[in-house]
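Enquirer: Okay, so here is my_file-v6.cif, and as you'll see once you scroll down, it has mmCIF, C-alpha atoms.
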```
data_input
loop_
_atom_site.label_atom_id
_atom_site.label_comp_id
_atom_site.auth_asym_id
_atom_site.auth_seq_id
_atom_site.Cartn_x
_atom_site.Cartn_y
_atom_site.Cartn_z
CA MET Z 1 105.34 93.44 69.59
CA LYS Z 2 106.72 93.73 73.08
CA LYS Z 3 106.72 97.49 73.10
CA THR Z 4 102.93 97.23 73.30
CA PHE Z 5 103.32 95.75 76.77
CA LEU Z 6 104.26 99.20 78.06
CA ILE Z 7 100.90 100.41 76.78
CA PHE Z 8 98.62 97.90 78.41
CA ILE Z 9 100.29 97.73 81.82
CA THR Z 10 98.97 101.23 82.54
CA THR Z 11 95.38 100.17 81.76
CA PHE Z 12 94.89 97.84 84.71
CA PHE Z 13 92.13 99.05 86.98
CA PHE Z 14 93.81 98.61 90.35
CA PHE Z 15 94.99 101.88 91.82
CA SER Z 16 96.05 102.94 95.27
CA ASN Z 17 98.05 105.70 96.88
CA LEU Z 18 100.02 104.11 99.69
CA ASN Z 19 102.35 105.90 102.07
CA CYS Z 20 103.25 103.25 104.65
CA GLN Z 21 106.83 102.09 105.21
CA GLU Z 22 106.18 98.77 103.46
CA VAL Z 23 103.98 98.40 100.39
CA ASN Z 24 102.94 94.87 99.46
CA LEU Z 25 102.14 94.61 95.77
CA PHE Z 26 100.50 91.18 95.38
CA LYS Z 27 98.76 88.74 97.73
CA PHE Z 28 98.91 85.82 95.29
CA ASP Z 29 95.56 84.41 96.37
CA GLU Z 30 92.51 83.20 94.44
CA LYS Z 31 90.51 86.39 94.97
CA GLU Z 32 93.30 88.58 93.62
CA LEU Z 33 94.10 86.31 90.67
CA SER Z 34 90.45 86.25 89.62
CA THR Z 35 90.38 90.04 89.38
CA LEU Z 36 93.78 90.76 87.86
CA LYS Z 37 93.66 91.08 84.11
CA VAL Z 38 95.99 88.91 82.04
CA ARG Z 39 97.10 90.57 78.82
CA LYS Z 40 98.78 88.55 76.09
CA ILE Z 41 101.65 90.00 74.11
CA ARG Z 42 100.45 90.97 70.65
CA GLY Z 43 101.43 88.24 68.20
CA ALA Z 44 102.22 85.63 70.86
CA GLU Z 45 100.74 82.21 70.18
CA ASN Z 46 99.81 81.46 73.79
CA LYS Z 47 99.25 83.17 77.11
CA THR Z 48 101.49 82.48 80.05
CA LEU Z 49 99.77 80.12 82.47
CA TYR Z 50 99.66 81.62 85.96
CA THR Z 51 98.72 79.40 88.92
CA LEU Z 52 98.94 79.72 92.71
CA GLY Z 53 100.79 77.74 95.34
CA SER Z 54 102.18 78.10 98.83
CA ASN Z 55 105.14 77.04 100.93
CA GLU Z 56 106.56 77.84 104.36
CA ASN Z 57 107.15 81.44 103.25
CA GLY Z 58 103.61 82.09 102.08
CA ASN Z 59 101.75 82.25 98.77
CA TYR Z 60 103.50 82.30 95.42
CA LEU Z 61 102.66 82.65 91.75
CA LYS Z 62 103.85 80.03 89.27
CA ALA Z 63 104.35 81.11 85.64
CA VAL Z 64 104.61 78.60 82.80
CA SER Z 65 105.28 80.07 79.37
CA LYS Z 66 105.37 77.91 76.26
CA ASN Z 67 105.81 79.67 72.92
CA GLY Z 68 103.92 82.68 74.22
CA GLY Z 69 103.78 85.40 76.80
CA SER Z 70 101.47 87.56 78.90
CA GLY Z 71 101.69 89.81 81.92
CA LEU Z 72 99.91 90.57 85.18
CA GLY Z 73 99.99 94.19 86.21
CA ARG Z 74 98.52 96.85 88.39
CA GLU Z 75 98.51 100.60 88.36
CA ILE Z 76 99.74 101.78 91.73
CA SER Z 77 101.38 104.90 93.13
CA ILE Z 78 104.57 104.20 95.09
CA ASP Z 79 106.26 106.99 97.05
CA LEU Z 80 109.94 106.35 96.32
CA ASN Z 81 111.05 108.90 98.89
CA LYS Z 82 109.48 106.73 101.61
CA THR Z 83 109.79 103.22 100.15
CA PRO Z 84 112.44 103.17 97.39
CA ILE Z 85 113.57 99.55 97.82
CA LEU Z 86 111.99 96.87 95.65
CA ASN Z 87 112.12 93.38 97.19
CA ILE Z 88 111.50 90.28 95.06
CA THR Z 89 111.67 86.61 95.98
CA TRP Z 90 111.67 84.44 92.86
CA LYS Z 91 112.91 81.24 91.27
CA VAL Z 92 113.45 79.94 87.74
CA GLU Z 93 112.93 76.18 87.51
CA LYS Z 94 113.32 75.95 83.73
CA ASP Z 95 115.32 78.69 82.06
CA LEU Z 96 115.96 79.87 78.49
CA SER Z 97 119.66 79.28 78.15
CA GLY Z 98 121.27 79.71 74.74
CA ILE Z 99 119.27 82.69 73.48
CA ASP Z 100 120.48 86.24 72.88
CA GLU Z 101 118.37 88.18 75.35
CA ARG Z 102 119.64 91.51 74.06
CA SER Z 103 118.22 90.90 70.56
CA LYS Z 104 114.66 91.08 69.23
CA LYS Z 105 114.75 87.38 68.29
CA GLY Z 106 115.87 86.37 71.77
CA HIS Z 107 114.15 88.93 73.97
CA ASP Z 108 112.49 86.39 76.26
CA PHE Z 109 112.75 85.99 80.03
CA ALA Z 110 111.52 83.21 82.30
CA ALA Z 111 110.84 85.85 84.96
CA ARG Z 112 110.74 89.62 84.80
CA PHE Z 113 109.26 92.47 86.77
CA PHE Z 114 108.46 95.90 85.33
CA VAL Z 115 108.31 99.22 87.17
CA ILE Z 116 106.79 102.11 85.23
CA LYS Z 117 106.88 105.88 85.46
CA LYS Z 118 104.46 108.03 83.45
CA THR Z 119 106.49 110.78 81.80
CA GLY Z 120 104.16 112.05 79.09
CA LEU Z 121 100.65 112.14 77.68
CA THR Z 122 100.74 108.75 75.96
CA PRO Z 123 101.68 105.25 77.18
CA LEU Z 124 104.56 105.09 74.70
CA SER Z 125 106.19 108.02 76.46
CA ASN Z 126 106.36 106.10 79.73
CA LYS Z 127 109.73 105.03 81.12
CA ALA Z 128 110.25 101.54 82.49
CA ILE Z 129 112.84 99.33 84.09
CA ASN Z 130 112.53 95.64 83.29
CA TYR Z 131 114.13 93.76 86.17
CA ILE Z 132 114.98 90.30 84.88
CA PHE Z 133 115.95 86.85 86.06
CA SER Z 134 118.32 86.21 83.17
CA SER Z 135 119.15 82.82 81.68
CA ASN Z 136 122.31 84.00 79.90
CA GLU Z 137 123.60 87.35 81.12
CA ASN Z 138 125.55 88.34 84.22
CA LEU Z 139 124.29 89.84 87.44
CA GLY Z 140 124.20 93.64 87.21
CA ASP Z 141 124.26 93.83 83.41
CA TYR Z 142 121.82 96.22 81.75
CA TRP Z 143 120.92 97.38 78.24
CA PRO Z 144 118.09 99.17 76.37
CA SER Z 145 115.27 96.95 75.21
CA PRO Z 146 115.65 96.15 71.49
CA TYR Z 147 111.99 97.13 71.08
CA THR Z 148 111.99 100.51 72.81
CA LYS Z 149 114.61 102.76 74.35
CA SER Z 150 112.04 103.74 76.96
CA SER Z 151 112.60 100.43 78.76
CA ILE Z 152 115.90 99.23 80.21
CA ASP Z 153 116.58 95.55 80.90
CA PHE Z 154 118.44 95.11 84.18
CA VAL Z 155 119.69 91.74 85.47
CA LEU Z 156 118.75 91.28 89.14
CA SER Z 157 119.25 87.50 89.13
CA SER Z 158 120.80 84.92 86.82
CA THR Z 159 120.39 81.18 86.47
CA LYS Z 160 124.15 81.10 85.85
CA ILE Z 161 124.39 81.61 89.63
CA ASN Z 162 120.99 80.57 91.02
CA ASN Z 163 119.44 77.87 88.86
CA ASP Z 164 116.25 76.30 90.25
CA GLN Z 165 116.79 78.07 93.57
CA TRP Z 166 114.67 80.56 95.46
CA ILE Z 167 116.50 83.86 95.80
CA THR Z 168 115.53 87.20 97.36
CA VAL Z 169 116.89 90.37 95.75
CA LYS Z 170 116.66 94.07 96.55
CA THR Z 171 117.25 97.19 94.49
CA ASN Z 172 116.77 100.93 94.97
CA VAL Z 173 114.32 101.88 92.23
CA LYS Z 174 114.75 105.61 92.73
CA ASP Z 175 118.50 105.27 92.23
CA ASP Z 176 117.99 102.91 89.30
CA PHE Z 177 115.84 105.42 87.40
CA LYS Z 178 118.57 108.03 87.85
CA LYS Z 179 121.27 105.62 86.71
CA LEU Z 180 119.43 104.00 83.81
CA HIS Z 181 117.15 106.80 82.56
CA ASP Z 182 118.84 109.88 84.06
CA LEU Z 183 115.53 110.72 85.73
CA ASP Z 184 114.97 112.05 89.24
CA ILE Z 185 111.58 110.64 90.18
CA ASP Z 186 109.58 110.68 93.41
CA THR Z 187 106.83 108.21 92.54
CA LEU Z 188 106.11 105.15 90.44
CA ASP Z 189 102.85 104.65 88.57
CA GLY Z 190 102.68 100.93 87.83
CA VAL Z 191 104.20 97.47 88.16
CA ALA Z 192 103.84 94.21 86.24
CA ILE Z 193 104.91 90.57 86.39
CA MET Z 194 105.73 88.80 83.16
CA ALA Z 195 107.14 85.57 81.74
CA ASP Z 196 107.51 85.19 77.97
CA THR Z 197 108.89 82.80 75.35
CA ASP Z 198 107.21 84.13 72.20
CA GLN Z 199 110.49 84.88 70.42
CA SER Z 200 112.49 81.76 71.28
CA LYS Z 201 109.48 79.40 71.06
CA LYS Z 202 110.82 77.63 74.15
CA GLU Z 203 109.22 76.77 77.49
CA SER Z 204 110.02 78.35 80.85
CA ILE Z 205 108.86 77.76 84.43
CA SER Z 206 109.27 80.37 87.14
CA TYR Z 207 107.88 81.49 90.50
CA PHE Z 208 107.23 84.86 92.19
CA GLN Z 209 106.76 85.50 95.92
CA ASN Z 210 106.78 88.33 98.47
CA ILE Z 211 107.07 91.33 96.14
CA PHE Z 212 107.01 94.62 98.05
CA PHE Z 213 108.56 98.06 98.46
CA SER Z 214 110.29 98.98 101.70
CA GLN Z 215 112.17 101.82 103.34
CA ASN Z 216 115.45 99.91 103.39
#
```
What would the structure in this file look like if it were written as structure tokens?
Expert:
Amino acid sequence: MKKTFLIFITTFFFFSNLNCQEVNLFKFDEKELSTLKVRKIRGAENKTLYTLGSNENGNYLKAVSKNGGSGLGREISIDLNKTPILNITWKVEKDLSGIDERSKKGHDFAARFFVIKKTGLTPLSNKAINYIFSSNENLGDYWPSPYTKSSIDFVLSSTKINNDQWITVKTNVKDDFKKLHDLDIDTLDGVAIMADTDQSKKESISYFQNIFFSQN
């Protein structure tokens, strides 16, 4: 079940405590990909296939999910008082239009990015925001995950507006945790990339590039 994803994303062995004014999260190169752990969603038939590429803007990660799902994550401490702004450049080439993303049977996304805050002694007590590139919902919409109220789905991009187009988005994570979870937090504890189609049994293709936290 997808609620188990919140458990395993805090088990990745990368950890750093970074205080610069820009915090790059992924290099998207062969060395990094060989060391990042890929964890499949429990019950999913297949893993998401992650491969690397590059263009004029640098390296990117390509995610192909076919009747399955898995995530890439790292445990990292982000000082949200210094770098509260999450920046993501991404694209969905093949979306999942026609599914009900707010339901358990349709809770699939061609591209999503988790941010996690540890708020208790167990992984299930963690709070997360699931920033999504939606195939069906509108920009700015948000709702609790149908699997756990500890995670909120928040639409940062939509193929209804940007289909098969690179787009760069920004959001203030510190403000988002206050708005969505009513939590005043100073740091994050983990992040994760994910693409999944285990509920809809469809196929999606997406890309991630230049993911970092900044001061503004």
Enquirer: Mind giving me the straight-line distance from atom CA of Glu101 of chain Z to atom CA of Pro84 of chain Z in Å, one decimal?
Expert: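 Computing it gives 27.3 Å between the two atoms.
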Enquirer: Could you list, as a list in words, every residue within 7 Å of Asp108 of chain Z, counting only C-alpha atoms and ignoring same-chain residues fewer than 2 positions away?
Expert: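 The residues that qualify are Glu101, Gly106, Ala110, Asp196, Thr197, Gln199 and Ser200 of chain Z.
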Enquirer: Kindly indicate which residue among Z:Leu52, Z:Ile41, Z:Ile161, Z:Ile85 lies nearest to Val64 of chain Z, using all atoms listed in the file for the distances.
Expert: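 Of the candidates, the smallest distance to Val64 of chain Z is held by Z:Leu52.
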Enquirer: Rank Z:Leu183, Z:Ile205, Z:Val23, Z:Ala195 by their smallest atom-to-atom distance to His107 of chain Z, using only C-alpha atoms, and report the top residue only.
Expert: Z:Ala195
Enquirer: Interatomic distance between atom CA of Thr35 of chain Z and atom CA of Ile76 of chain Z?
Expert: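 Computing it gives 15.2 Å between the two atoms.
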Enquirer: Tell me, as number ranges by chain, which residues lie within 7 Å of Phe26 of chain Z, counting all atoms listed in the file; anything in the same chain fewer than 2 positions away does not count.
Expert: Z: 24, 28, 211
Enquirer: Work out how far atom CA of Lys117 of chain Z is from atom CA of Thr148 of chain Z, in Å to one decimal.
Expert: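 These atoms are spaced 14.7 Å apart.
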Enquirer: Got a sec to resolve the PyMOL selection byres ((chain Z and resi 70) around 8) on this structure and send the residues as a list in words?
Expert: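 When the PyMOL selection byres ((chain Z and resi 70) around 8) is applied, the selected residues are Val38, Arg39, Lys40, Ile41, Lys47, Thr48, Gly68, Gly69, Gly71, Leu72, Met194, Ala195 and Asp196 of chain Z.
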